[in-house]
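Dumped query-v8.csv below, it's CSV, C-alpha atoms and all ligand atoms:
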chain,number,residue,atom,x,y,z
X,251,MET,CA,-16.7,34.5,-18.8
X,252,ALA,CA,-14.6,31.4,-17.8
X,253,ASP,CA,-14.6,28.5,-20.3
X,254,SER,CA,-17.0,25.9,-18.8
X,255,THR,CA,-15.2,22.9,-20.2
X,256,VAL,CA,-14.6,20.3,-17.5
X,257,PHE,CA,-11.6,18.0,-18.0
X,258,ARG,CA,-12.0,14.6,-16.3
X,259,ALA,CA,-10.1,11.3,-15.8
X,260,SER,CA,-11.0,8.3,-13.7
X,261,THR,CA,-8.8,5.4,-12.5
X,262,THR,CA,-8.6,2.7,-9.9
X,263,ALA,CA,-5.7,1.6,-7.8
X,264,PRO,CA,-5.3,-1.6,-5.8
X,265,VAL,CA,-4.1,-2.3,-2.4
X,266,ASN,CA,-0.6,-3.8,-1.9
X,267,ILE,CA,0.4,-6.0,0.9
X,268,ALA,CA,4.1,-5.9,1.9
X,269,VAL,CA,6.0,-9.1,2.4
X,270,ILE,CA,9.2,-7.2,3.4
X,271,LYS,CA,7.8,-4.3,5.5
X,272,TYR,CA,8.4,-0.6,5.3
X,273,TRP,CA,8.6,0.7,8.8
X,274,GLY,CA,10.7,3.8,9.7
X,275,LYS,CA,11.5,7.0,7.9
X,276,ARG,CA,14.9,8.6,7.4
X,277,ASP,CA,13.1,11.8,6.1
X,278,ALA,CA,9.6,12.4,7.3
X,279,THR,CA,8.8,15.2,4.9
X,280,LEU,CA,9.8,13.4,1.7
X,281,ASN,CA,8.7,10.1,3.1
X,282,LEU,CA,12.1,8.5,2.6
X,283,PRO,CA,12.2,5.0,4.2
X,284,THR,CA,14.9,3.6,6.5
X,285,ASN,CA,14.8,0.4,4.5
X,286,SER,CA,13.7,-1.0,1.2
X,287,SER,CA,10.4,-3.0,1.1
X,288,LEU,CA,8.6,-5.4,-1.3
X,289,SER,CA,4.9,-6.0,-1.8
X,290,VAL,CA,2.4,-8.0,-3.8
X,291,THR,CA,-0.2,-5.9,-5.5
X,292,LEU,CA,-3.7,-7.4,-5.0
X,293,SER,CA,-6.2,-7.9,-7.7
X,294,GLN,CA,-8.3,-4.8,-8.7
X,295,ARG,CA,-11.3,-7.1,-8.2
X,296,SER,CA,-10.8,-7.0,-4.4
X,297,LEU,CA,-9.6,-4.0,-2.4
X,298,ARG,CA,-9.3,-0.9,-4.4
X,299,THR,CA,-9.8,2.9,-4.6
X,300,VAL,CA,-11.7,4.5,-7.4
X,301,THR,CA,-10.8,8.1,-8.1
X,302,THR,CA,-12.0,10.7,-10.5
X,303,ALA,CA,-10.1,13.9,-10.9
X,304,SER,CA,-11.5,16.9,-12.8
X,305,CYS,CA,-10.5,20.5,-13.4
X,306,SER,CA,-12.1,23.4,-15.1
X,307,ALA,CA,-11.5,27.2,-15.5
X,308,SER,CA,-15.1,27.5,-14.4
X,309,TYR,CA,-14.5,25.9,-10.9
X,310,PRO,CA,-14.5,28.8,-8.5
X,311,ALA,CA,-10.9,29.7,-7.5
X,312,SER,CA,-12.2,30.7,-4.1
X,313,GLU,CA,-13.0,27.0,-3.4
X,314,GLY,CA,-9.4,25.9,-4.3
X,315,ASP,CA,-8.7,22.2,-4.8
X,316,THR,CA,-11.1,19.8,-3.1
X,317,LEU,CA,-11.0,16.2,-2.2
X,318,THR,CA,-14.1,14.2,-1.3
X,319,LEU,CA,-13.3,10.8,0.3
X,320,ASN,CA,-16.2,8.3,0.6
X,321,GLY,CA,-18.7,11.1,0.2
X,322,SER,CA,-17.2,13.5,2.8
X,323,LEU,CA,-15.3,16.6,1.9
X,324,GLN,CA,-11.8,16.5,3.4
X,325,ASP,CA,-9.8,19.6,4.6
X,326,ILE,CA,-6.8,19.3,2.4
X,327,SER,CA,-5.4,22.7,3.3
X,328,SER,CA,-3.8,21.1,6.4
X,329,SER,CA,-2.7,17.9,4.6
X,330,LYS,CA,0.9,18.6,3.6
X,331,ARG,CA,1.1,15.2,1.9
X,332,THR,CA,-1.9,15.8,-0.4
X,333,LEU,CA,-0.6,19.3,-1.2
X,334,ALA,CA,2.9,18.0,-2.0
X,335,CYS,CA,1.4,15.5,-4.5
X,336,LEU,CA,-0.8,18.1,-6.2
X,337,ALA,CA,2.1,20.6,-6.4
X,338,SER,CA,4.5,18.0,-7.9
X,339,LEU,CA,1.9,17.0,-10.5
X,340,ARG,CA,1.2,20.6,-11.4
X,341,VAL,CA,4.9,21.2,-11.9
X,342,LEU,CA,5.0,18.3,-14.5
X,343,ARG,CA,1.8,19.6,-16.2
X,344,ASN,CA,3.3,23.1,-16.3
X,345,GLU,CA,6.4,21.8,-18.0
X,346,LEU,CA,4.2,20.2,-20.7
X,347,GLU,CA,2.2,23.5,-21.2
X,348,SER,CA,5.4,25.5,-21.4
X,349,ALA,CA,6.7,23.2,-24.1
X,350,ASN,CA,3.4,23.3,-26.0
X,351,PRO,CA,1.5,26.6,-25.5
X,352,SER,CA,-1.5,25.4,-27.5
X,353,LEU,CA,-2.4,23.0,-24.6
X,354,PRO,CA,-5.1,24.2,-22.2
X,355,ALA,CA,-3.6,25.6,-19.0
X,356,LEU,CA,-5.0,22.8,-16.8
X,357,SER,CA,-2.2,23.4,-14.2
X,358,THR,CA,-3.8,26.7,-13.3
X,359,TYR,CA,-7.4,25.3,-12.8
X,360,PRO,CA,-8.8,24.2,-9.5
X,361,LEU,CA,-8.9,20.4,-9.1
X,362,ARG,CA,-11.8,18.4,-7.8
X,363,ILE,CA,-10.9,14.9,-6.7
X,364,VAL,CA,-13.5,12.3,-5.7
X,365,SER,CA,-12.4,9.1,-4.2
X,366,GLU,CA,-14.1,5.9,-2.9
X,367,ASN,CA,-12.6,2.9,-1.1
X,368,ASN,CA,-14.5,-0.4,-1.3
X,369,PHE,CA,-13.0,-1.4,2.0
X,370,PRO,CA,-12.7,0.1,5.5
X,371,THR,CA,-10.4,3.2,5.6
X,372,ALA,CA,-7.5,3.3,8.0
X,373,ALA,CA,-8.1,-0.2,9.3
X,374,GLY,CA,-4.6,-1.4,8.4
X,375,LEU,CA,-5.7,-2.5,5.0
X,376,ALA,CA,-3.3,-0.2,3.2
X,377,SER,CA,-6.1,2.3,2.3
X,378,SER,CA,-3.6,5.2,2.1
X,379,ALA,CA,-1.5,3.1,-0.4
X,380,ALA,CA,-4.4,2.7,-2.8
X,381,GLY,CA,-5.7,6.2,-2.1
X,382,PHE,CA,-2.6,8.1,-2.9
X,383,ALA,CA,-1.7,5.9,-5.8
X,384,ALA,CA,-5.2,6.4,-7.3
X,385,LEU,CA,-5.0,10.2,-6.7
X,386,VAL,CA,-1.6,10.5,-8.4
X,387,ARG,CA,-2.6,8.2,-11.3
X,388,ALA,CA,-6.0,10.0,-11.9
X,389,ILE,CA,-4.4,13.5,-12.0
X,390,ALA,CA,-1.5,12.2,-14.1
X,391,ASN,CA,-4.1,10.9,-16.6
X,392,LEU,CA,-6.0,14.1,-16.4
X,393,TYR,CA,-2.8,16.1,-17.1
X,394,GLU,CA,-1.8,13.6,-19.8
X,395,LEU,CA,1.6,13.3,-18.2
X,396,PRO,CA,4.2,11.1,-20.0
X,397,GLN,CA,6.0,9.9,-16.9
X,398,SER,CA,6.3,6.2,-16.2
X,399,PRO,CA,4.8,4.5,-13.1
X,400,THR,CA,8.3,4.4,-11.5
X,401,GLU,CA,8.7,8.1,-12.1
X,402,LEU,CA,5.2,8.8,-10.7
X,403,SER,CA,6.1,6.6,-7.7
X,404,ARG,CA,8.3,9.5,-6.4
X,405,ILE,CA,5.2,11.7,-6.2
X,406,ALA,CA,2.9,9.0,-4.7
X,407,ARG,CA,5.5,8.3,-2.0
X,408,GLN,CA,5.1,11.8,-0.7
X,409,GLY,CA,1.5,11.1,-0.1
X,410,SER,CA,2.1,7.8,1.7
X,411,GLY,CA,5.2,5.8,1.6
X,412,SER,CA,3.5,2.5,0.7
X,413,ALA,CA,1.5,4.3,-2.1
X,414,CYS,CA,4.5,4.3,-4.3
X,415,ARG,CA,4.2,0.5,-4.6
X,416,SER,CA,0.5,0.6,-5.7
X,417,LEU,CA,1.1,2.2,-9.1
X,418,GLN,CA,2.3,-1.1,-10.5
X,419,GLY,CA,1.0,-4.6,-10.5
X,420,GLY,CA,2.5,-7.9,-9.5
X,421,TYR,CA,5.6,-7.9,-7.3
X,422,VAL,CA,7.0,-4.4,-6.5
X,423,ALA,CA,10.1,-3.4,-4.8
X,424,TRP,CA,10.5,0.1,-3.2
X,425,ARG,CA,14.2,0.9,-3.2
X,426,SER,CA,15.0,3.0,-0.2
X,427,GLY,CA,17.6,5.0,-2.1
X,428,THR,CA,20.5,6.9,-0.5
X,429,LYS,CA,20.1,10.4,-1.9
X,430,GLU,CA,18.9,13.2,0.4
X,431,ASP,CA,16.5,14.6,-2.2
X,432,GLY,CA,14.7,11.2,-2.6
X,433,SER,CA,15.3,11.1,-6.3
X,434,ASP,CA,16.4,7.4,-6.1
X,435,SER,CA,13.7,6.3,-3.6
X,436,ILE,CA,11.4,4.7,-6.2
X,437,ALA,CA,9.3,1.7,-6.8
X,438,GLU,CA,9.9,-0.8,-9.6
X,439,GLU,CA,8.0,-3.9,-10.6
X,440,ILE,CA,10.3,-6.9,-10.3
X,441,ALA,CA,7.9,-9.4,-11.8
X,442,PRO,CA,4.3,-9.0,-13.2
X,443,ALA,CA,1.4,-10.9,-11.6
X,444,SER,CA,1.5,-13.3,-14.6
X,445,HIS,CA,5.0,-14.5,-13.6
X,446,TRP,CA,3.4,-16.4,-10.7
X,447,PRO,CA,-0.3,-16.6,-11.5
X,448,GLU,CA,-0.9,-19.4,-8.9
X,449,MET,CA,-0.3,-16.9,-6.1
X,450,ARG,CA,-3.4,-16.4,-3.9
X,451,ALA,CA,-4.1,-14.1,-0.9
X,452,LEU,CA,-6.9,-14.5,1.6
X,453,ILE,CA,-7.6,-11.5,3.8
X,454,LEU,CA,-9.1,-12.0,7.2
X,455,VAL,CA,-10.8,-8.9,8.3
X,456,VAL,CA,-10.3,-9.3,12.0
X,457,SER,CA,-11.3,-5.7,12.7
X,458,ALA,CA,-12.5,-2.9,10.5
X,459,GLU,CA,-12.0,-0.4,13.2
X,460,LYS,CA,-9.5,2.5,12.8
X,461,LYS,CA,-6.1,1.3,14.0
X,462,ASP,CA,-4.9,2.4,17.5
X,463,VAL,CA,-1.6,3.9,16.5
X,464,PRO,CA,-1.4,5.5,13.0
X,465,SER,CA,1.5,4.1,10.9
X,466,THR,CA,3.4,7.4,10.7
X,467,GLU,CA,3.3,8.0,14.4
X,468,GLY,CA,4.1,4.3,15.2
X,469,MET,CA,7.1,4.2,13.0
X,470,GLN,CA,8.5,7.4,14.4
X,471,THR,CA,8.2,5.9,17.9
X,472,THR,CA,9.9,2.7,16.8
X,473,VAL,CA,12.8,4.6,15.0
X,474,LYS,CA,13.4,6.7,18.1
X,475,THR,CA,13.1,4.1,20.8
X,476,SER,CA,13.7,0.5,19.5
X,477,PRO,CA,17.2,-0.9,19.7
X,478,LEU,CA,16.0,-3.9,17.7
X,479,PHE,CA,14.9,-1.6,14.9
X,480,ALA,CA,18.4,-0.5,14.1
X,481,THR,CA,19.5,-4.1,13.6
X,482,ARG,CA,16.4,-4.8,11.4
X,483,ALA,CA,17.1,-1.9,9.1
X,484,GLU,CA,20.9,-2.4,8.8
X,485,ARG,CA,21.4,-6.1,9.2
X,486,ILE,CA,18.2,-8.0,8.5
X,487,VAL,CA,16.2,-6.3,5.7
X,488,PRO,CA,18.9,-5.9,3.0
X,489,GLY,CA,19.6,-9.7,2.9
X,490,ARG,CA,15.9,-10.5,2.9
X,491,MET,CA,15.2,-8.2,-0.1
X,492,THR,CA,17.7,-10.1,-2.2
X,493,ALA,CA,16.5,-13.5,-0.9
X,494,ILE,CA,12.8,-12.8,-1.6
X,495,GLU,CA,13.5,-11.4,-5.1
X,496,THR,CA,15.3,-14.7,-5.8
X,497,ALA,CA,12.4,-16.7,-4.3
X,498,ILE,CA,9.9,-14.8,-6.5
X,499,HIS,CA,12.0,-15.2,-9.6
X,500,ASN,CA,12.3,-18.9,-8.9
X,501,ARG,CA,8.7,-19.2,-7.9
X,502,ASP,CA,10.0,-20.9,-4.7
X,503,PHE,CA,6.9,-20.7,-2.4
X,504,PRO,CA,8.6,-22.2,0.8
X,505,ALA,CA,11.4,-19.6,0.6
X,506,PHE,CA,8.9,-16.8,-0.1
X,507,ALA,CA,6.7,-17.9,2.7
X,508,ASP,CA,9.5,-18.3,5.2
X,509,LEU,CA,10.8,-14.8,4.5
X,510,THR,CA,7.3,-13.3,4.6
X,511,MET,CA,6.4,-14.7,8.0
X,512,ARG,CA,9.8,-13.9,9.5
X,513,ASP,CA,9.6,-10.3,8.3
X,514,SER,CA,6.1,-9.8,9.6
X,515,ASN,CA,7.3,-11.2,13.0
X,516,ASN,CA,10.4,-9.0,13.0
X,517,PHE,CA,8.3,-5.9,12.2
X,518,HIS,CA,5.8,-6.7,15.0
X,519,ALA,CA,8.8,-7.5,17.4
X,520,CYS,CA,10.1,-4.0,16.6
X,521,CYS,CA,6.7,-2.6,17.5
X,522,LEU,CA,6.7,-4.4,20.8
X,523,ASP,CA,10.3,-3.2,21.4
X,524,SER,CA,9.2,0.4,21.0
X,525,GLU,CA,8.5,2.7,24.0
X,526,PRO,CA,5.6,2.8,24.6
X,527,PRO,CA,5.1,-0.6,23.1
X,528,ILE,CA,2.8,-0.8,20.0
X,529,PHE,CA,0.4,-3.7,19.8
X,530,TYR,CA,-1.1,-4.3,16.4
X,531,LEU,CA,-1.9,-8.1,16.7
X,532,ASN,CA,-4.7,-9.4,18.8
X,533,ASP,CA,-5.9,-12.9,19.9
X,534,VAL,CA,-7.5,-13.6,16.6
X,535,SER,CA,-4.3,-12.6,14.8
X,536,ARG,CA,-2.3,-15.0,17.0
X,537,ALA,CA,-4.9,-17.7,16.3
X,538,ALA,CA,-4.4,-17.2,12.6
X,539,ILE,CA,-0.6,-17.6,13.0
X,540,ARG,CA,-1.1,-20.8,14.9
X,541,LEU,CA,-3.5,-22.1,12.3
X,542,VAL,CA,-1.0,-21.4,9.5
X,543,ASN,CA,1.7,-23.2,11.5
X,544,ASP,CA,-0.7,-26.2,12.0
X,545,ILE,CA,-1.6,-26.3,8.3
X,546,ASN,CA,2.1,-26.3,7.3
X,547,HIS,CA,2.8,-29.0,9.9
X,548,VAL,CA,0.0,-31.3,8.7
X,549,ALA,CA,1.0,-30.7,5.0
X,550,GLY,CA,4.6,-31.6,5.9
X,551,LYS,CA,5.8,-28.5,4.0
X,552,THR,CA,5.3,-24.8,3.9
X,553,VAL,CA,2.1,-24.2,1.9
X,554,ALA,CA,0.8,-21.0,3.6
X,555,ALA,CA,2.3,-17.8,4.9
X,556,TYR,CA,0.8,-15.1,7.1
X,557,THR,CA,1.6,-11.4,7.2
X,558,PHE,CA,0.2,-8.6,9.3
X,559,ASP,CA,0.5,-4.8,8.7
X,560,ALA,CA,-0.3,-2.1,11.2
X,561,GLY,CA,-3.4,-3.8,12.5
X,562,PRO,CA,-4.8,-7.2,13.5
X,563,ASN,CA,-6.0,-8.2,10.0
X,564,ALA,CA,-4.3,-11.3,8.5
X,565,VAL,CA,-3.2,-11.8,4.9
X,566,ILE,CA,-2.5,-15.4,4.1
X,567,TYR,CA,-0.5,-16.2,1.0
X,568,TYR,CA,-0.7,-19.6,-0.7
X,569,LEU,CA,-0.7,-21.2,-4.1
X,570,ASP,CA,-3.8,-22.2,-6.0
X,571,ASP,CA,-3.2,-26.0,-5.8
X,572,VAL,CA,-3.5,-26.0,-2.0
X,573,SER,CA,-6.5,-23.6,-2.0
X,574,GLU,CA,-8.7,-26.3,-0.5
X,575,ILE,CA,-6.3,-27.1,2.3
X,576,VAL,CA,-5.5,-23.4,3.2
X,577,ALA,CA,-8.6,-21.4,2.4
X,578,GLY,CA,-10.8,-24.4,3.2
X,579,THR,CA,-9.3,-24.9,6.7
X,580,PHE,CA,-9.6,-21.2,7.5
X,581,LYS,CA,-13.2,-21.2,6.4
X,582,ALA,CA,-14.0,-24.3,8.3
X,583,ILE,CA,-12.3,-23.0,11.5
X,584,LEU,CA,-13.5,-19.5,11.3
X,585,GLY,CA,-17.0,-20.3,10.0
X,586,GLU,CA,-19.1,-17.9,8.1
X,587,GLY,CA,-17.6,-14.7,9.8
X,588,LEU,CA,-19.2,-11.4,9.7
X,589,ASP,CA,-19.1,-10.4,6.0
X,590,GLY,CA,-17.9,-12.1,2.9
X,591,TRP,CA,-16.4,-10.0,0.1
X,592,GLU,CA,-15.2,-11.0,-3.2
X,593,GLY,CA,-11.5,-11.3,-2.4
X,594,PRO,CA,-8.3,-11.0,-4.3
X,595,PHE,CA,-7.9,-13.5,-7.1
X,596,GLY,CA,-11.5,-14.6,-6.6
X,597,ASP,CA,-11.2,-15.8,-3.0
X,598,ARG,CA,-13.8,-15.0,-0.4
X,599,LEU,CA,-12.8,-12.5,2.2
X,600,LYS,CA,-13.9,-13.4,5.7
X,601,GLY,CA,-14.7,-11.0,8.5
X,602,VAL,CA,-14.2,-12.4,11.9
X,603,SER,CA,-14.8,-10.7,15.2
X,701,LIG,C1,4.1,-1.7,4.5
X,701,LIG,N1,3.1,-0.4,6.4
X,701,LIG,O1,5.3,-1.9,4.0
X,701,LIG,C2,4.1,-1.3,6.0
X,701,LIG,C3,3.9,-2.5,6.9
X,701,LIG,C4,2.4,-0.8,7.6
X,701,LIG,C5,3.2,-2.0,8.1
X,701,LIG,O2,3.5,1.0,4.8
X,701,LIG,O3,3.6,7.4,7.0
X,701,LIG,O4,0.7,4.3,5.5
X,701,LIG,O5,2.0,7.3,5.1
X,701,LIG,O6,4.4,6.7,4.7
X,701,LIG,O7,2.6,4.0,3.9
X,701,LIG,C6,2.1,1.8,6.4
X,701,LIG,O8,2.7,3.0,6.3
X,701,LIG,O9,2.9,5.2,6.1
X,701,LIG,C7,2.9,0.8,5.8
X,701,LIG,P1,3.3,6.7,5.7
X,701,LIG,P2,2.2,4.1,5.3
X,701,LIG,O10,3.1,-1.8,3.9
Starting from the file, lay out its structure as structure tokens.
Amino acid sequence: MADSTVFRASTTAPVNIAVIKYWGKRDATLNLPTNSSLSVTLSQRSLRTVTTASCSASYPASEGDTLTLNGSLQDISSSKRTLACLASLRVLRNELESANPSLPALSTYPLRIVSENNFPTAAGLASSAAGFAALVRAIANLYELPQSPTELSRIARQGSGSACRSLQGGYVAWRSGTKEDGSDSIAEEIAPASHWPEMRALILVVSAEKKDVPSTEGMQTTVKTSPLFATRAERIVPGRMTAIETAIHNRDFPAFADLTMRDSNNFHACCLDSEPPIFYLNDVSRAAIRLVNDINHVAGKTVAAYTFDAGPNAVIYYLDDVSEIVAGTFKAILGEGLDGWEGPFGDRLKGVS
């Protein structure tokens, strides 16, 4: 009879919001990006995925590995990305077991993965980033793998590109790398959150609907059809990566904000430059942009920065000492919105329709 011991590990992974955007793949199977990107990892108190991974010799082999997301069983047999992550993690566990034959053969047991997001899935709130980061971290913990977060980022990247940036906190750069096998396409923390503890993020949930054009599909369209995109990848992003790392190291908010807003605009310009054009921003998004511009104008300096991912939801970065001006103005203008969540760094998240 199979040993009924169940091995289990749980973890949480936060969402990250890019300030220099990843958009475009040079290899769609390995999820190798066309350009480097840089993100801020949000607090675990706000948007996060909680994942438990377990395995047991007593789990029926006929059921194979299973993934339950927000209470519903997913068909992972057709998810090449999930399968790639599980296969890579098993290889690492198998290496441990080969080196130490007294270890239980967890790599041979079926896996059960149960994952919950505390925010809308696929609404452009980086759910796949937190999801795959939590999946990789939970199984790495279950398998007691010694690999560092940067080493594990290679695996999370195969699940979803942006997931490689959610294994670490603070300010994280994903280096695109140049090697064909992706071995140098990894994420590294360039500064911990404690380096700039005054940083705040306010998330405006403009829409919790699934996005119109999924990121993977949208970026492939952009790479194939946008002339502006080639300029972005080759001539715009490399300089911005260096400049924003300097701004973060110097805690220079105006420079950080300027680069963040320009890069969001450039990414959405590339979307618009695609054929067919891709529209992620809507009227509420544009109103948020105008409001940030107005706040900065009235303040007489740059105190707030907006950024938008593949959806209409706005993320507004600002520093704690201007919280009243920035978050206060947004709250006053947008009113009590649809739903208020406890937001990153203790701010309230506002839903607006
Ligand atoms: C980012 N986004 O840097 C950019 C900005 C959306 C806009 O990473 O195909 O879900 O799974 O690698 O990671 C969204 O792309 O795409 C994304 P895949 P992913 O955060």
Tyr359 in chain X: which residues within 10 Å, counting all atoms listed in the file, same-chain residues fewer than 6 positions away excluded, as a PyMOL selection string?
chain X and resi 256-257+304-311+314-315+340
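Closest to Thr299 in chain X among X:Lys275, X:Pro360, X:Val386, X:Arg343 is X:Val386, based on all atoms listed in the file.
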Kindly work out which residues sit at most 7 Å from ligand LIG 701 (chain X), using only C-alpha atoms and all ligand atoms, and give the list as an NGL selection string.
:X and (267-268 or 270-273 or 281 or 287 or 376 or 378-379 or 407 or 409-413 or 465-466 or 559-560)
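Around Leu522 in chain X, within 12 Å and counting all atoms listed in the file, the residues found are Gly468, Met469, Thr471, Thr472, Thr475, Ser476, Pro477, Leu478, Phe479, Asn515, Asn516, Phe517, His518, Pro526, Pro527, Ile528, Phe529, Tyr530 and Leu531 of chain X, once anything fewer than 4 positions away on its own chain is removed.
Our summary of the geometry notes that CA of Ser312 in chain X is positioned 14.3 Å from CA of Asp325 in chain X.
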Take range 313-332 of chain X, bring it up to N, CA and C atoms, and give me the output as a PDB file, in the coordinates of the input.
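To be explicit, this is the file written out as rebuild34.pdb:
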ATOM      1  N   GLU X 313     -12.815  28.292  -4.019  1.00  0.00           N
ATOM      2  CA  GLU X 313     -13.000  27.000  -3.400  1.00  0.00           C
ATOM      3  C   GLU X 313     -11.639  26.209  -3.362  1.00  0.00           C
ATOM      4  N   GLY X 314     -10.713  26.601  -4.227  1.00  0.00           N
ATOM      5  CA  GLY X 314      -9.400  25.900  -4.300  1.00  0.00           C
ATOM      6  C   GLY X 314      -9.604  24.469  -4.750  1.00  0.00           C
ATOM      7  N   ASP X 315      -8.580  23.666  -4.500  1.00  0.00           N
ATOM      8  CA  ASP X 315      -8.700  22.200  -4.800  1.00  0.00           C
ATOM      9  C   ASP X 315      -9.483  21.541  -3.753  1.00  0.00           C
ATOM     10  N   THR X 316     -10.291  20.559  -4.147  1.00  0.00           N
ATOM     11  CA  THR X 316     -11.100  19.800  -3.100  1.00  0.00           C
ATOM     12  C   THR X 316     -10.912  18.332  -3.297  1.00  0.00           C
ATOM     13  N   LEU X 317     -11.045  17.637  -2.164  1.00  0.00           N
ATOM     14  CA  LEU X 317     -11.000  16.200  -2.200  1.00  0.00           C
ATOM     15  C   LEU X 317     -12.163  15.643  -1.373  1.00  0.00           C
ATOM     16  N   THR X 318     -12.954  14.798  -2.018  1.00  0.00           N
ATOM     17  CA  THR X 318     -14.100  14.200  -1.300  1.00  0.00           C
ATOM     18  C   THR X 318     -13.763  12.680  -1.224  1.00  0.00           C
ATOM     19  N   LEU X 319     -13.690  12.186   0.025  1.00  0.00           N
ATOM     20  CA  LEU X 319     -13.300  10.800   0.300  1.00  0.00           C
ATOM     21  C   LEU X 319     -14.535  10.060   0.846  1.00  0.00           C
ATOM     22  N   ASN X 320     -14.984   9.014   0.175  1.00  0.00           N
ATOM     23  CA  ASN X 320     -16.200   8.300   0.600  1.00  0.00           C
ATOM     24  C   ASN X 320     -17.325   9.183   0.943  1.00  0.00           C
ATOM     25  N   GLY X 321     -17.537  10.183   0.099  1.00  0.00           N
ATOM     26  CA  GLY X 321     -18.700  11.100   0.200  1.00  0.00           C
ATOM     27  C   GLY X 321     -18.499  12.236   1.167  1.00  0.00           C
ATOM     28  N   SER X 322     -17.378  12.312   1.878  1.00  0.00           N
ATOM     29  CA  SER X 322     -17.200  13.500   2.800  1.00  0.00           C
ATOM     30  C   SER X 322     -16.034  14.343   2.347  1.00  0.00           C
ATOM     31  N   LEU X 323     -16.307  15.643   2.345  1.00  0.00           N
ATOM     32  CA  LEU X 323     -15.300  16.600   1.900  1.00  0.00           C
ATOM     33  C   LEU X 323     -14.172  16.666   2.937  1.00  0.00           C
ATOM     34  N   GLN X 324     -12.931  16.525   2.467  1.00  0.00           N
ATOM     35  CA  GLN X 324     -11.800  16.500   3.400  1.00  0.00           C
ATOM     36  C   GLN X 324     -11.173  17.949   3.406  1.00  0.00           C
ATOM     37  N   ASP X 325     -10.548  18.270   4.520  1.00  0.00           N
ATOM     38  CA  ASP X 325      -9.800  19.600   4.600  1.00  0.00           C
ATOM     39  C   ASP X 325      -8.404  19.307   4.120  1.00  0.00           C
ATOM     40  N   ILE X 326      -8.140  19.586   2.831  1.00  0.00           N
ATOM     41  CA  ILE X 326      -6.800  19.300   2.400  1.00  0.00           C
ATOM     42  C   ILE X 326      -5.807  20.437   2.635  1.00  0.00           C
ATOM     43  N   SER X 327      -6.340  21.586   3.095  1.00  0.00           N
ATOM     44  CA  SER X 327      -5.400  22.700   3.300  1.00  0.00           C
ATOM     45  C   SER X 327      -4.420  22.394   4.418  1.00  0.00           C
ATOM     46  N   SER X 328      -4.778  21.433   5.304  1.00  0.00           N
ATOM     47  CA  SER X 328      -3.800  21.100   6.400  1.00  0.00           C
ATOM     48  C   SER X 328      -3.122  19.757   6.067  1.00  0.00           C
ATOM     49  N   SER X 329      -3.386  19.177   4.894  1.00  0.00           N
ATOM     50  CA  SER X 329      -2.700  17.900   4.600  1.00  0.00           C
ATOM     51  C   SER X 329      -1.508  18.175   3.683  1.00  0.00           C
ATOM     52  N   LYS X 330      -0.368  18.301   4.351  1.00  0.00           N
ATOM     53  CA  LYS X 330       0.900  18.600   3.600  1.00  0.00           C
ATOM     54  C   LYS X 330       1.143  17.572   2.545  1.00  0.00           C
ATOM     55  N   ARG X 331       0.768  16.310   2.850  1.00  0.00           N
ATOM     56  CA  ARG X 331       1.100  15.200   1.900  1.00  0.00           C
ATOM     57  C   ARG X 331       0.281  15.366   0.619  1.00  0.00           C
ATOM     58  N   THR X 332      -1.029  15.661   0.776  1.00  0.00           N
ATOM     59  CA  THR X 332      -1.900  15.800  -0.400  1.00  0.00           C
ATOM     60  C   THR X 332      -1.375  17.049  -1.208  1.00  0.00           C
TER      61      THR X 332
END
